[in-house]
Amino acid sequence: MSAPKEVAIIGASLAGATAATTLREAGYDGTIRLFGAESNLPYIRPPLSKGYLAGTEERASLYVHDEAWYRDYDIDLHLGTRIARLDPTAGTVTGSDGAAHRFDRALLATGSTPRRLPIRGTDFEGVLSLRTLDDSDRLREIIAGGGREVVLIGSGWIGMEVAASARALGNAVTILERDPVPLAAALGDELGAYFADVHAAHGVRIRTRIEVDSIAGEGGHATGVGLADYEVVPADVVIVGVGAVPVIDLAEHAGLAVGNGVLTDSSLRTSAPNVWAAGDIAFAVHPLIGARLRSEHWANAIDGGTTAARALLGERIEHDAVPYFFTDQFDIGMEYAGFGPLTSGAEVVYRGDPSSGSFVAFWLRDDRVVAGMNVNVWDVNDDIKTLVASRARVARASLRDPDVPLLDLLDTNEASAPGRRAAS
């Protein structure tokens, strides 16, 4: 496959900016056009609910590169430009302003958008979601001085991080969650309860099995959250954190195969031979488990942007990184590596005592580690990734023993060949 003359990257996201960086680092000297609907330079999202929201990280630290970098590396940057049409056959993208741009190969990195609640009152002032840098700026302006009643609807990772940041700034914080245990869908009941207990110890009110009916307001401003039993939980600001949905309209209208994202092969190539997809939207075949996987975490954006860029240049490469994410909440620093879909019903094995605040949890299926989470234990996550990727059978006693190095658990005779399906 010959090198393209013109590459269009739709989405000035972390995945998109990483792809542009990778192309130049690989020596590609053709045209790169990077389109972003936001007016901000490409940035990383984790600090939006953590350090940046809490005021401990500066705005400049969020940017993937400063503005000069894009000039120096001859990236044709189109910020504030929403692409309205992608035509893989003609090799063109068209902006909402009607301007058309050619490409030989394109990368879709359009990310996700917050899921909306189908209830009354979500258009009141003071009802926010957190996805973009501008969202974080608006929320920080409201809560930075403390003394506010902050109510979060939903207790996913972003919701729990925002709750911790808001509480640390001196606000009263209430989390309303429909399920019995926060984070249970990601971690299971036991570890979800662990995080809930940490929040409760820091004064966060967590209410579970709650059905939200509406947002109450007065004078156009939110004043509380109405529940199904007619109770109104008072609020100065309401943050809706009930997940995100991939932005796939452009791909769908272009005729690409979609379903829980944009369908790609293991090299992130879509059903159109000249279009790749990366980041939140890529529902990609993962070679380590032989099934499709979609991840909305920043590490996936970096790994996917790198893989797609190298693939569209003709390199034979697969998107085979073990999924990874991290969180910081109060005095908890946590890293997680592994395949979340395989942890449902899996056995949880601990190295260390969770009550001590420092431990590692492993999820086992058929004696193989499918995911691991280190909490306030450092310099072990790379070993966890290696253990997950190896698909080696492990002995539980050794897995529990902190004196046994994790890599000593590998048994190459038991490891399955890459590309075979993990137990399900």
# chains A, B, ... in the order shown; residues from 1 in each chain; ligands from 1
>>> residues_around(residues="A:Glu347", least_positions_apart="4", cutoff="9 Å", atoms="only C-alpha atoms", output="VMD selection string")
chain A and resid 343 362 to 365
>>> select_by_dssp(residues="stretch 20-249 of chain A", states="strand (DSSP E or B)", output="count of residues only")
73
>>> residues_around(residues="A:Ala299", least_positions_apart="5", cutoff="8 Å", atoms="only C-alpha atoms", output="VMD selection string")
chain A and resid 323 to 325
>>> write_last_selection(atoms="C-alpha atoms", output="compact mmCIF listing (two decimals), in the first residue's frame")
# COMPACT_ATOMS: atom_id res chain seq x y z
CA PRO A 323 -7.11 -1.66 28.18
CA TYR A 324 -6.02 0.66 31.01
CA PHE A 325 -7.43 3.51 33.04
>>> residues_around(residues="A:His319", least_positions_apart="5", cutoff="12 Å", atoms="only C-alpha atoms", output="short mmCIF file (atom, residue, chain, number, x, y, z; two decimals) with N, CA and C atoms, in the first residue's frame")
data_model
loop_
_atom_site.label_atom_id
_atom_site.label_comp_id
_atom_site.auth_asym_id
_atom_site.auth_seq_id
_atom_site.Cartn_x
_atom_site.Cartn_y
_atom_site.Cartn_z
N THR A 264 -14.66 -1.93 13.38
CA THR A 264 -13.34 -1.97 12.72
C THR A 264 -12.74 -3.36 12.90
N ASP A 265 -11.71 -3.62 12.11
CA ASP A 265 -10.93 -4.83 12.32
C ASP A 265 -9.87 -4.55 13.39
N SER A 266 -8.95 -5.46 13.59
CA SER A 266 -7.97 -5.30 14.66
C SER A 266 -6.93 -4.24 14.37
N SER A 267 -6.87 -3.75 13.12
CA SER A 267 -5.97 -2.64 12.79
C SER A 267 -6.72 -1.31 12.78
N LEU A 268 -7.99 -1.33 13.21
CA LEU A 268 -8.86 -0.16 13.31
C LEU A 268 -9.35 0.34 11.95
N ARG A 269 -9.29 -0.49 10.96
CA ARG A 269 -9.83 -0.16 9.64
C ARG A 269 -11.32 -0.42 9.63
N TRP A 276 -10.23 4.77 8.77
CA TRP A 276 -9.97 4.10 10.04
C TRP A 276 -10.74 4.83 11.14
N ALA A 277 -10.87 4.21 12.29
CA ALA A 277 -11.53 4.84 13.44
C ALA A 277 -10.74 4.54 14.69
N ALA A 278 -10.68 5.51 15.61
CA ALA A 278 -9.91 5.33 16.85
C ALA A 278 -10.58 6.07 17.99
N GLY A 279 -10.19 5.70 19.20
CA GLY A 279 -10.74 6.35 20.38
C GLY A 279 -12.08 5.78 20.78
N ALA A 282 -14.38 3.54 18.26
CA ALA A 282 -13.93 2.32 17.60
C ALA A 282 -14.40 1.09 18.35
N PHE A 283 -15.26 0.32 17.72
CA PHE A 283 -15.71 -0.97 18.26
C PHE A 283 -14.90 -2.02 17.52
N ALA A 284 -13.70 -2.28 18.07
CA ALA A 284 -12.67 -2.99 17.32
C ALA A 284 -12.53 -4.43 17.77
N VAL A 285 -12.18 -5.29 16.85
CA VAL A 285 -11.83 -6.66 17.18
C VAL A 285 -10.50 -6.64 17.94
N HIS A 286 -10.52 -7.14 19.17
CA HIS A 286 -9.29 -7.16 19.96
C HIS A 286 -8.64 -8.53 19.82
N PRO A 287 -7.41 -8.59 19.34
CA PRO A 287 -6.81 -9.90 19.04
C PRO A 287 -6.56 -10.77 20.26
N LEU A 288 -6.47 -10.20 21.45
CA LEU A 288 -6.20 -11.01 22.63
C LEU A 288 -7.42 -11.76 23.13
N ILE A 289 -8.62 -11.28 22.80
CA ILE A 289 -9.83 -11.97 23.27
C ILE A 289 -10.71 -12.44 22.12
N GLY A 290 -10.36 -12.06 20.90
CA GLY A 290 -11.12 -12.53 19.74
C GLY A 290 -12.54 -12.01 19.70
N ARG A 292 -15.10 -8.10 19.94
CA ARG A 292 -15.07 -6.65 19.81
C ARG A 292 -15.05 -5.98 21.18
N LEU A 293 -14.37 -4.84 21.23
CA LEU A 293 -14.24 -4.10 22.48
C LEU A 293 -14.25 -2.62 22.14
N ARG A 294 -14.94 -1.85 22.97
CA ARG A 294 -14.93 -0.39 22.82
C ARG A 294 -14.58 0.21 24.17
N ALA A 299 -6.11 6.10 27.68
CA ALA A 299 -5.04 5.23 27.17
C ALA A 299 -5.44 4.61 25.84
N ASN A 300 -6.73 4.28 25.69
CA ASN A 300 -7.21 3.74 24.43
C ASN A 300 -7.11 4.76 23.32
N ALA A 301 -7.33 6.04 23.65
CA ALA A 301 -7.20 7.09 22.64
C ALA A 301 -5.76 7.18 22.14
N ILE A 302 -4.81 7.09 23.06
CA ILE A 302 -3.40 7.16 22.68
C ILE A 302 -2.99 5.92 21.88
N ASP A 303 -3.33 4.74 22.42
CA ASP A 303 -2.96 3.51 21.73
C ASP A 303 -3.65 3.40 20.37
N GLY A 304 -4.94 3.77 20.33
CA GLY A 304 -5.68 3.68 19.08
C GLY A 304 -5.22 4.69 18.05
N GLY A 305 -4.95 5.92 18.49
CA GLY A 305 -4.46 6.93 17.55
C GLY A 305 -3.13 6.52 16.94
N THR A 306 -2.27 5.93 17.77
CA THR A 306 -0.96 5.46 17.27
C THR A 306 -1.14 4.32 16.28
N THR A 307 -1.96 3.34 16.64
CA THR A 307 -2.16 2.18 15.77
C THR A 307 -2.77 2.59 14.44
N ALA A 308 -3.82 3.42 14.47
CA ALA A 308 -4.49 3.81 13.23
C ALA A 308 -3.56 4.56 12.30
N ALA A 309 -2.75 5.46 12.86
CA ALA A 309 -1.82 6.23 12.03
C ALA A 309 -0.82 5.32 11.34
N ARG A 310 -0.28 4.39 12.08
CA ARG A 310 0.70 3.47 11.48
C ARG A 310 0.04 2.54 10.46
N ALA A 311 -1.20 2.13 10.77
CA ALA A 311 -1.92 1.24 9.85
C ALA A 311 -2.25 1.94 8.54
N GLY A 419 -4.59 -14.13 20.13
CA GLY A 419 -5.63 -14.17 19.12
C GLY A 419 -6.72 -15.20 19.41
#
>>> residues_around(residues="A:Ser398", least_positions_apart="6", cutoff="12 Å", atoms="only C-alpha atoms", output="MDAnalysis selection string")
chainID A and resid 349:351 367 404:410
>>> write_last_selection(atoms="N, CA and C atoms", output="PDB file, in the first residue's frame")
ATOM      1  N   VAL A 349      -9.637 -12.095  43.543  1.00  0.00           N
ATOM      2  CA  VAL A 349      -8.572 -12.518  44.449  1.00  0.00           C
ATOM      3  C   VAL A 349      -7.782 -11.286  44.857  1.00  0.00           C
ATOM      4  N   TYR A 350      -7.497 -11.160  46.148  1.00  0.00           N
ATOM      5  CA  TYR A 350      -6.811  -9.978  46.659  1.00  0.00           C
ATOM      6  C   TYR A 350      -5.370 -10.289  47.026  1.00  0.00           C
ATOM      7  N   ARG A 351      -4.513  -9.336  46.711  1.00  0.00           N
ATOM      8  CA  ARG A 351      -3.144  -9.320  47.241  1.00  0.00           C
ATOM      9  C   ARG A 351      -3.080  -8.106  48.169  1.00  0.00           C
ATOM     10  N   ASP A 367      -8.793 -19.722  35.984  1.00  0.00           N
ATOM     11  CA  ASP A 367      -7.441 -19.589  36.549  1.00  0.00           C
ATOM     12  C   ASP A 367      -6.565 -18.613  35.783  1.00  0.00           C
ATOM     13  N   VAL A 404       5.716 -12.772  46.149  1.00  0.00           N
ATOM     14  CA  VAL A 404       5.936 -13.433  44.860  1.00  0.00           C
ATOM     15  C   VAL A 404       5.790 -12.399  43.747  1.00  0.00           C
ATOM     16  N   PRO A 405       6.873 -12.063  43.024  1.00  0.00           N
ATOM     17  CA  PRO A 405       6.740 -11.104  41.911  1.00  0.00           C
ATOM     18  C   PRO A 405       5.708 -11.592  40.899  1.00  0.00           C
ATOM     19  N   LEU A 406       4.906 -10.667  40.400  1.00  0.00           N
ATOM     20  CA  LEU A 406       3.833 -11.065  39.502  1.00  0.00           C
ATOM     21  C   LEU A 406       4.338 -11.784  38.256  1.00  0.00           C
ATOM     22  N   LEU A 407       5.469 -11.344  37.726  1.00  0.00           N
ATOM     23  CA  LEU A 407       5.959 -11.972  36.498  1.00  0.00           C
ATOM     24  C   LEU A 407       6.464 -13.383  36.732  1.00  0.00           C
ATOM     25  N   ASP A 408       6.731 -13.730  38.007  1.00  0.00           N
ATOM     26  CA  ASP A 408       7.112 -15.106  38.307  1.00  0.00           C
ATOM     27  C   ASP A 408       5.929 -16.058  38.173  1.00  0.00           C
ATOM     28  N   LEU A 409       4.719 -15.498  38.078  1.00  0.00           N
ATOM     29  CA  LEU A 409       3.530 -16.330  37.944  1.00  0.00           C
ATOM     30  C   LEU A 409       3.326 -16.838  36.524  1.00  0.00           C
ATOM     31  N   LEU A 410       4.052 -16.279  35.582  1.00  0.00           N
ATOM     32  CA  LEU A 410       3.835 -16.665  34.192  1.00  0.00           C
ATOM     33  C   LEU A 410       4.277 -18.098  33.961  1.00  0.00           C
TER      34      LEU A 410
END
>>> closest_atom_pairs(of="stretch 95-158 of chain A", to="stretch 45-53 of chain A", cutoff="10 Å", atoms="only C-alpha atoms", output="Markdown table")
| residue | atom | partner | partner_atom | distance |
| --- | --- | --- | --- | --- |
| A:Leu130 | CA | A:Ser49 | CA | 7.6 |
| A:Arg131 | CA | A:Arg45 | CA | 7.7 |
| A:Thr132 | CA | A:Arg45 | CA | 7.4 |
| A:Leu133 | CA | A:Leu48 | CA | 6.5 |
| A:Asp134 | CA | A:Leu48 | CA | 9.4 |
| A:Asp135 | CA | A:Leu48 | CA | 8.4 |
| A:Ser136 | CA | A:Leu48 | CA | 5.6 |
| A:Asp137 | CA | A:Leu53 | CA | 7.5 |
| A:Arg138 | CA | A:Leu53 | CA | 9.6 |
| A:Leu139 | CA | A:Leu53 | CA | 7.6 |
| A:Arg140 | CA | A:Leu53 | CA | 5.5 |
| A:Glu141 | CA | A:Leu53 | CA | 9.2 |
| A:Ile143 | CA | A:Leu53 | CA | 9.0 |
| A:Ala144 | CA | A:Leu53 | CA | 8.2 |
| A:Trp157 | CA | A:Ser49 | CA | 9.4 |
| A:Ile158 | CA | A:Ser49 | CA | 6.4 |
>>> residues_around(residues="A:Asp236", least_positions_apart="3", cutoff="8 Å", atoms="only C-alpha atoms", output="VMD selection string")
chain A and resid 126 148 to 151 222 to 224
>>> residues_around(residues="A:Thr208", least_positions_apart="6", cutoff="6 Å", atoms="only C-alpha atoms", output="PyMOL selection string")
chain A and resi 177-180
>>> atom_distance(atom1="atom CA of A:Val212", atom2="atom CA of A:Ala228")
5.8 Å
>>> select_by_dssp(residues="stretch 182-383 of chain A", states="helix (DSSP H, G or I)", output="PyMOL selection string")
chain A and resi 184-187+189-201+249-253+279-281+298-312+340-342+354-356+381-383
>>> atom_distance(atom1="atom CA of A:Leu169", atom2="atom CA of A:Gly217")
24.5 Å
>>> atom_distance(atom1="atom CA of A:Gly188", atom2="atom CA of A:Ala395")
22.2 Å
>>> decode(residues="stretch 136-180 of chain A", atoms="C-alpha atoms", output="mmCIF file, in the first residue's frame")
data_model
loop_
_atom_site.group_PDB
_atom_site.id
_atom_site.type_symbol
_atom_site.label_atom_id
_atom_site.label_comp_id
_atom_site.auth_asym_id
_atom_site.auth_seq_id
_atom_site.Cartn_x
_atom_site.Cartn_y
_atom_site.Cartn_z
ATOM 1 C CA SER A 136 -15.057 21.816 33.309
ATOM 2 C CA ASP A 137 -14.496 25.583 33.247
ATOM 3 C CA ARG A 138 -18.198 26.241 33.850
ATOM 4 C CA LEU A 139 -18.409 23.760 36.686
ATOM 5 C CA ARG A 140 -15.203 24.954 38.336
ATOM 6 C CA GLU A 141 -16.468 28.537 38.333
ATOM 7 C CA ILE A 142 -19.535 27.411 40.298
ATOM 8 C CA ILE A 143 -17.922 25.106 42.868
ATOM 9 C CA ALA A 144 -14.438 26.583 43.334
ATOM 10 C CA GLY A 145 -15.441 28.720 46.312
ATOM 11 C CA GLY A 146 -17.163 25.882 48.162
ATOM 12 C CA GLY A 147 -20.414 26.151 50.091
ATOM 13 C CA ARG A 148 -22.622 24.817 47.285
ATOM 14 C CA GLU A 149 -25.131 21.996 47.324
ATOM 15 C CA VAL A 150 -23.885 19.726 44.540
ATOM 16 C CA VAL A 151 -26.054 16.828 43.422
ATOM 17 C CA LEU A 152 -24.749 14.226 40.986
ATOM 18 C CA ILE A 153 -27.069 11.927 39.085
ATOM 19 C CA GLY A 154 -25.103 8.769 38.405
ATOM 20 C CA SER A 155 -22.075 7.219 40.061
ATOM 21 C CA GLY A 156 -19.801 6.174 37.225
ATOM 22 C CA TRP A 157 -16.114 7.015 37.190
ATOM 23 C CA ILE A 158 -16.551 10.637 36.137
ATOM 24 C CA GLY A 159 -19.377 11.148 38.632
ATOM 25 C CA MET A 160 -17.310 9.747 41.500
ATOM 26 C CA GLU A 161 -14.293 11.837 40.512
ATOM 27 C CA VAL A 162 -16.370 15.012 40.284
ATOM 28 C CA ALA A 163 -17.898 14.212 43.669
ATOM 29 C CA ALA A 164 -14.430 13.885 45.210
ATOM 30 C CA SER A 165 -13.214 17.125 43.626
ATOM 31 C CA ALA A 166 -16.334 19.051 44.629
ATOM 32 C CA ARG A 167 -16.172 17.771 48.187
ATOM 33 C CA ALA A 168 -12.469 18.612 48.467
ATOM 34 C CA LEU A 169 -13.351 22.199 47.486
ATOM 35 C CA GLY A 170 -15.716 22.453 50.441
ATOM 36 C CA ASN A 171 -19.072 21.726 48.838
ATOM 37 C CA ALA A 172 -21.874 19.538 50.156
ATOM 38 C CA VAL A 173 -22.165 16.602 47.769
ATOM 39 C CA THR A 174 -24.962 14.104 47.215
ATOM 40 C CA ILE A 175 -24.819 11.237 44.719
ATOM 41 C CA LEU A 176 -28.078 9.757 43.457
ATOM 42 C CA GLU A 177 -27.659 6.291 41.961
ATOM 43 C CA ARG A 178 -30.283 3.961 40.502
ATOM 44 C CA ASP A 179 -28.341 0.746 41.227
ATOM 45 C CA PRO A 180 -27.767 -0.730 44.696
#
